[in-house]
Amino acid sequence: MVTDQAQRVDVLYEKHRELLDRALAAIDAREYWSPFPEMPSKSIYGPDAAEAGEKAFQTQLDRDFPIETPGANGSVSTERSPYGFDLGVRYPHSSPDALIAAAKAALPGWRAAGPHARAGVALEILTRINARSFEMAHAVQHTTGQAFVMAFQAGGPHAQDRALEAVAYAVAESTRQPREARWEKPQRGGDPLVLDKTFTAVPRGVALVIGCNTFPTWNSYPGLFASLVTGNPVIVKPHPGAVLPLAITVAVAREVLTEAGYDPNVVTLAAEEAGERTAATFATNPDIRIVDFTGSSEFGNWLEANARQANVYTEKSGLNAVVLDSTDDYRGLLRNLAFSLALYSGQMCTTPQNLLFPRTGIDTDAGPKSIEEFGADLSTGLDKLLGDPQRALGTLGAIVNDDVRARLAEATQHGKVVHAAAPVEDPAHPDASISTPLLLRVDAADESAYGREWFGPISFLIETDSTEHSLAIFADTVRTSGALTAAVYSTSDSVIDAVREAALEAGVHLSENLTGGVFVNQSAAFSDFHGTGANPAATTALTDPAFVTGRFFVLQSRRHAPVEKAADA
């Protein structure tokens with residue numbers, strides 16, 4: 001007899017089966033595909049979607065967020081928009097013990113659902129989140145400082161793409177083994193040994209997702225959805241400065257879980273007071289078996305060293321580098337690199353920091369260029385890109401927090417200013433802190449300057465002895481401090497080959513001669529791998545099978561096969 005719950009789950013899986021099948025094909029082909037349109041267009045999302053999304057966001061301000069939390073013992077309100085106002089949203093506060101206990105209680109029912117039923121629930125969650133993309137865009141904009149279009153894309157459809165990618169990998173890997181098998185071993189002079197075996201993918205346990213301030217959905221969704229589909233209840237602990245996007249996510253998840261007949265505590269929200277630092281308490285609890293974290297190397301390294309009972313997946317900081325050797329499209333190089341440095345004021349884990357330039361200069365289609373000329377031309381390129389106020393606001397966004405502002409002030413003491421950071425006014429948000437990028441020139445010997453990460457709109461033009469010297473610095477900094485991206489500009493096949501080899505040895509993804517509309521700090525779901533696990537910046541690639549296989553075990557049971565009785569004569 002099929003239960004009502006099973007019928008509902010079957011409906012969800014069948015409803016989204018075509019979407020899942022297409023995602024599975026996409027991760028195999030690695031070609032362009034995106035099911036969630038990235039443009040905030042009325043023709044796509046509906047004529048009233050933009051207005052309704054903004055109204056939904058405004059309605060949430062200065063009031064209690066509509067969500068239940070197990071063991072709630074008060075409320076917290078911690079968010080201030082980088083555009084200059086307090087959000088005033090109040091979230092329930094619960095102790096780690098209460099949330100972990102609720103997640104443990106929800107685990108058996110969620111484990112019993114099986115991977116396909118769980119995938120159906122996850123895909124329903126995703127499609128409902130997609131329908132709220134305009135609301136999510138405002139929530140992301142006013143917690144991260146991203147400009148609206150970027151917040152819509154990165155916080156909405158692009159994050160949803162990454163979630164779907166994780167769902168596809170989770171389904172593929174957790175169903176790779178057959179559910180049942182008959183094992184027969186021939187025996188000399190007798191009947192074979194025959195066993196029936198059952199194989200079950202069993203979730204590891206309660207998962208913890210620790211959100212970041214800059215990309216709360218884009219960075220949190222892969223771990224959240226990978227854990228869900230492999231059967232693990234998830235506690236979502238947002239950064240105190242960026243709670244709303246993940247609160248919306250958790251609310252939608254709990255709504256779908258309830259409708260499907262599951263315990264909504266399969267997904268819970270762990271909001272905290274600023275400075276409460278519950279992440280460490282959660283992460284070291286013996287019942288937390290999976291930890292996903294995006295943020296600083298300091299805390300990421302601490303988690304890896306101390307959350308020993310858990311599988312820990314981290315995406316940390318790094319020293320992303322560009323090796324400049326030569327180019328046959330100098331103007332394209334300048335345009336591409338200027339945009340990469342300016343996008344979201346450099347507040348991306350993939351933004352280039354160290355630009356390695358030989359002191360002998362580089363050959364270009366515009367003639368040889370010295371480091372002085374290149375610095376001046378790149379500075380001009382930044383001014384041209386950001387000269388129009390509206391384009392500047394749409395590219396830069398706002399500075400996310402005081403830590404970035406402090407680094408921007410400090411960095412001027414560590415090199416010769418090539419392009420000064422300058423404030424940009426936003427008439428709609430006069431209290432916003434917005435800045436153009438700071439570019440500093442240093443010598444290769446000044447490793448104390450460029451040898452640490454400066455998260456924010458801060459980059460170094462580093463004068464090296466030669467391209468070979470640049471390559472050595474690139475390889476050494478990546479091996480030592482990690483990196484999520486690397487780039488090279490060269491017209492020499494031998495240089496390209498050498499940089500490819502260095503990138504393989506250092507363990508970092510490489511972009512070669514980007515001069516068009518693709519940028520080193522952008523990553524396409526279903527095609528690009530994000531992170532590698534091969535250098536200190538990340539413990540694993542966040543978009544490959546290894547990211548999901550550590551979230552479950554395959555356990556077997558076996559028994560003698562029934563003896564078939566001969567039919568009566």
# chains A, B, ... in the order shown; residues from 1 in each chain; ligands from 1
>>> select_by_dssp(residues="range 114-298 of chain A", states="alpha helix (DSSP H)", output="PyMOL selection string")
chain A and resi 115-131+133-144+148-155+157-174+216-229+244-259+278-283+297-298
>>> residues_around(residues="range 415-428 of chain A", least_positions_apart="6", cutoff="6 Å", atoms="only C-alpha atoms", output="list of chain:residue names")
A:Ser379, A:Ile434, A:Ser435, A:Thr436, A:Pro437, A:Leu438, A:Leu439, A:Leu440, A:Arg441, A:Val442
>>> write_last_selection(atoms="N, CA and C atoms", output="tab-separated table (two decimals), in the first residue's frame")
chain	number	residue	atom	x	y	z
A	379	SER	N	45.38	51.98	-14.73
A	379	SER	CA	44.71	53.01	-13.94
A	379	SER	C	43.72	53.78	-14.80
A	434	ILE	N	31.36	53.38	-0.58
A	434	ILE	CA	31.67	52.84	-1.90
A	434	ILE	C	33.03	53.37	-2.32
A	435	SER	N	33.88	52.52	-2.89
A	435	SER	CA	35.24	52.93	-3.23
A	435	SER	C	35.70	52.30	-4.53
A	436	THR	N	36.47	53.04	-5.29
A	436	THR	CA	37.15	52.48	-6.45
A	436	THR	C	38.36	51.68	-5.97
A	437	PRO	N	38.92	50.79	-6.81
A	437	PRO	CA	40.03	49.94	-6.38
A	437	PRO	C	41.32	50.71	-6.12
A	438	LEU	N	42.09	50.15	-5.20
A	438	LEU	CA	43.44	50.63	-4.90
A	438	LEU	C	44.44	49.69	-5.57
A	439	LEU	N	45.35	50.24	-6.37
A	439	LEU	CA	46.41	49.47	-7.01
A	439	LEU	C	47.75	50.01	-6.54
A	440	LEU	N	48.58	49.13	-5.99
A	440	LEU	CA	49.88	49.53	-5.44
A	440	LEU	C	50.99	48.83	-6.21
A	441	ARG	N	52.09	49.54	-6.40
A	441	ARG	CA	53.27	48.95	-7.05
A	441	ARG	C	54.30	48.59	-5.99
A	442	VAL	N	54.79	47.36	-6.06
A	442	VAL	CA	55.82	46.90	-5.12
A	442	VAL	C	56.86	46.10	-5.89
>>> closest_residue(among="A:Arg17, A:Ala172, A:Ala409, A:Asp528", to="Ala29 in chain A", atoms="only C-alpha atoms")
A:Asp528
>>> closest_residue(among="A:Glu273, A:Glu124, A:Asp287, A:Glu51", to="Glu79 in chain A", atoms="only C-alpha atoms")
A:Glu273
>>> residues_around(residues="His239 in chain A", least_positions_apart="5", cutoff="7 Å", atoms="only C-alpha atoms", output="VMD selection string")
chain A and resid 211 to 213
>>> atom_distance(atom1="CA of Ala226 in chain A", atom2="CA of Ser511 in chain A")
27.4 Å
>>> closest_atom_pairs(of="range 371-482 of chain A", to="range 295-306 of chain A", cutoff="12 Å", atoms="only C-alpha atoms", output="Markdown table")
| residue | atom | partner | partner_atom | distance |
| --- | --- | --- | --- | --- |
| A:Asp403 | CA | A:Ser296 | CA | 11.9 |
| A:Arg452 | CA | A:Ser297 | CA | 10.8 |
| A:Glu453 | CA | A:Ser297 | CA | 9.5 |
| A:Trp454 | CA | A:Ser296 | CA | 11.1 |
| A:Phe455 | CA | A:Ser296 | CA | 9.5 |
| A:Ser481 | CA | A:Ser297 | CA | 9.0 |
| A:Gly482 | CA | A:Ser297 | CA | 9.5 |
>>> select_by_dssp(residues="range 311-392 of chain A", states="strand (DSSP E)", output="JSON, numbers by chain")
{"A": [311, 312, 313, 314, 315, 321, 322, 323, 324, 354, 355, 356, 357, 358]}
>>> atom_distance(atom1="CA of Gly381 in chain A", atom2="CA of Ser523 in chain A")
23.4 Å
>>> atom_distance(atom1="CA of Ala538 in chain A", atom2="CA of Tyr313 in chain A")
7.5 Å
>>> closest_residue(among="A:Ala307, A:Leu193, A:Leu341, A:Met136", to="Val243 in chain A", atoms="only C-alpha atoms")
A:Met136
>>> residues_around(residues="Val322 in chain A", least_positions_apart="6", cutoff="12 Å", atoms="only C-alpha atoms", output="MDAnalysis selection string")
chainID A and resid 333 337 340:341 350:358 459:462 467 470:471 473:475 477:478 483:490 499 503 509:514 520:521
>>> residues_around(residues="Ala119 in chain A", least_positions_apart="6", cutoff="10 Å", atoms="only C-alpha atoms", output="PyMOL selection string")
chain A and resi 9+12-13+16-17+20+113+125+164+167-168+170-171+225-226+228-231
>>> residues_around(residues="Phe85 in chain A", least_positions_apart="4", cutoff="12 Å", atoms="only C-alpha atoms", output="ChimeraX atom specification")
/A:61-62,78-81,89,142-143,145,428-433
>>> write_last_selection(atoms="all heavy atoms", output="short mmCIF file (atom, residue, chain, number, x, y, z; two decimals), in the first residue's frame")
data_model
loop_
_atom_site.label_atom_id
_atom_site.label_comp_id
_atom_site.auth_asym_id
_atom_site.auth_seq_id
_atom_site.Cartn_x
_atom_site.Cartn_y
_atom_site.Cartn_z
N LEU A 61 11.35 44.12 6.98
CA LEU A 61 12.19 45.00 7.78
C LEU A 61 11.51 45.39 9.09
O LEU A 61 10.29 45.55 9.16
CB LEU A 61 12.55 46.25 6.98
CG LEU A 61 13.25 46.02 5.63
CD1 LEU A 61 13.57 47.35 4.96
CD2 LEU A 61 14.51 45.18 5.79
N ASP A 62 12.32 45.52 10.13
CA ASP A 62 11.87 46.03 11.43
C ASP A 62 10.74 45.20 12.04
O ASP A 62 9.82 45.75 12.66
CB ASP A 62 11.43 47.50 11.30
CG ASP A 62 12.57 48.39 10.83
OD1 ASP A 62 13.66 48.30 11.41
OD2 ASP A 62 12.36 49.16 9.88
N THR A 78 20.77 41.71 13.89
CA THR A 78 22.20 42.03 13.77
C THR A 78 22.59 42.67 12.44
O THR A 78 23.77 43.01 12.27
CB THR A 78 23.02 40.74 13.92
OG1 THR A 78 22.54 39.76 12.98
CG2 THR A 78 22.91 40.17 15.33
N GLU A 79 21.66 42.86 11.52
CA GLU A 79 22.04 43.23 10.15
C GLU A 79 21.94 44.74 9.91
O GLU A 79 20.95 45.38 10.27
CB GLU A 79 21.16 42.50 9.13
CG GLU A 79 21.33 41.00 9.17
CD GLU A 79 20.16 40.28 8.53
OE1 GLU A 79 19.03 40.41 9.05
OE2 GLU A 79 20.36 39.60 7.51
N ARG A 80 22.98 45.27 9.27
CA ARG A 80 22.97 46.65 8.80
C ARG A 80 23.36 46.65 7.33
O ARG A 80 24.38 46.09 6.95
CB ARG A 80 23.92 47.53 9.60
CG ARG A 80 23.94 48.99 9.12
CD ARG A 80 24.74 49.89 10.02
NE ARG A 80 24.81 51.26 9.50
CZ ARG A 80 23.84 52.15 9.59
NH1 ARG A 80 22.73 51.84 10.23
NH2 ARG A 80 23.98 53.36 9.08
N SER A 81 22.56 47.27 6.50
CA SER A 81 22.85 47.33 5.08
C SER A 81 24.13 48.12 4.83
O SER A 81 24.32 49.19 5.41
CB SER A 81 21.70 47.99 4.32
OG SER A 81 22.09 48.25 2.97
N VAL A 89 15.48 43.28 11.12
CA VAL A 89 14.77 41.99 11.11
C VAL A 89 15.18 41.20 12.35
O VAL A 89 16.37 41.10 12.67
CB VAL A 89 15.10 41.18 9.84
CG1 VAL A 89 14.22 39.93 9.76
CG2 VAL A 89 14.93 42.03 8.59
N HIS A 142 21.28 44.11 0.35
CA HIS A 142 21.34 44.90 1.58
C HIS A 142 21.94 44.14 2.76
O HIS A 142 21.88 44.61 3.90
CB HIS A 142 19.96 45.44 1.91
CG HIS A 142 19.55 46.54 0.96
ND1 HIS A 142 20.19 47.76 0.94
CD2 HIS A 142 18.62 46.57 -0.02
CE1 HIS A 142 19.65 48.52 -0.01
NE2 HIS A 142 18.70 47.82 -0.60
N THR A 143 22.53 43.00 2.49
CA THR A 143 23.36 42.34 3.51
C THR A 143 24.81 42.22 3.06
O THR A 143 25.72 42.14 3.90
CB THR A 143 22.82 40.94 3.85
OG1 THR A 143 22.67 40.18 2.65
CG2 THR A 143 21.48 41.03 4.56
N GLY A 145 26.16 44.24 0.16
CA GLY A 145 26.65 45.42 -0.55
C GLY A 145 26.76 45.23 -2.04
O GLY A 145 27.17 46.16 -2.75
N ALA A 428 21.03 57.60 -4.08
CA ALA A 428 19.93 56.88 -3.45
C ALA A 428 20.27 56.39 -2.06
O ALA A 428 19.37 56.14 -1.25
CB ALA A 428 19.51 55.70 -4.32
N HIS A 429 21.57 56.26 -1.77
CA HIS A 429 22.01 55.76 -0.47
C HIS A 429 23.22 56.60 -0.02
O HIS A 429 24.36 56.17 -0.11
CB HIS A 429 22.39 54.29 -0.56
CG HIS A 429 21.29 53.40 -1.03
ND1 HIS A 429 21.20 52.96 -2.34
CD2 HIS A 429 20.22 52.89 -0.37
CE1 HIS A 429 20.12 52.20 -2.46
NE2 HIS A 429 19.51 52.14 -1.30
N PRO A 430 22.97 57.81 0.46
CA PRO A 430 24.07 58.72 0.78
C PRO A 430 24.99 58.22 1.89
O PRO A 430 26.12 58.69 2.01
CB PRO A 430 23.35 60.01 1.20
CG PRO A 430 21.96 59.58 1.54
CD PRO A 430 21.65 58.42 0.68
N ASP A 431 24.54 57.27 2.70
CA ASP A 431 25.38 56.75 3.78
C ASP A 431 26.17 55.52 3.38
O ASP A 431 26.88 54.93 4.22
CB ASP A 431 24.51 56.41 5.01
CG ASP A 431 23.88 57.65 5.62
OD1 ASP A 431 24.53 58.72 5.57
OD2 ASP A 431 22.77 57.56 6.15
N ALA A 432 26.07 55.11 2.13
CA ALA A 432 26.80 53.93 1.67
C ALA A 432 28.29 54.24 1.58
O ALA A 432 28.70 55.36 1.25
CB ALA A 432 26.28 53.47 0.31
N SER A 433 29.11 53.21 1.86
CA SER A 433 30.57 53.33 1.72
C SER A 433 30.96 52.61 0.42
O SER A 433 30.91 51.38 0.34
CB SER A 433 31.27 52.68 2.91
OG SER A 433 32.67 52.72 2.73
#
>>> closest_residue(among="A:Tyr221, A:Phe199, A:Phe519, A:Tyr262", to="Phe339 in chain A", atoms="only C-alpha atoms")
A:Phe519
>>> closest_atom_pairs(of="range 258-359 of chain A", to="range 385-396 of chain A", cutoff="9 Å", atoms="only C-alpha atoms", output="tab-separated table")
residue	atom	partner	partner_atom	distance
A:Arg335	CA	A:Leu385	CA	7.9
A:Ala338	CA	A:Leu385	CA	7.5
A:Phe339	CA	A:Leu385	CA	7.4
A:Ala342	CA	A:Leu396	CA	6.0
A:Leu343	CA	A:Thr395	CA	5.3
A:Tyr344	CA	A:Leu396	CA	4.5
A:Ser345	CA	A:Leu396	CA	4.7
A:Gly346	CA	A:Leu396	CA	8.1
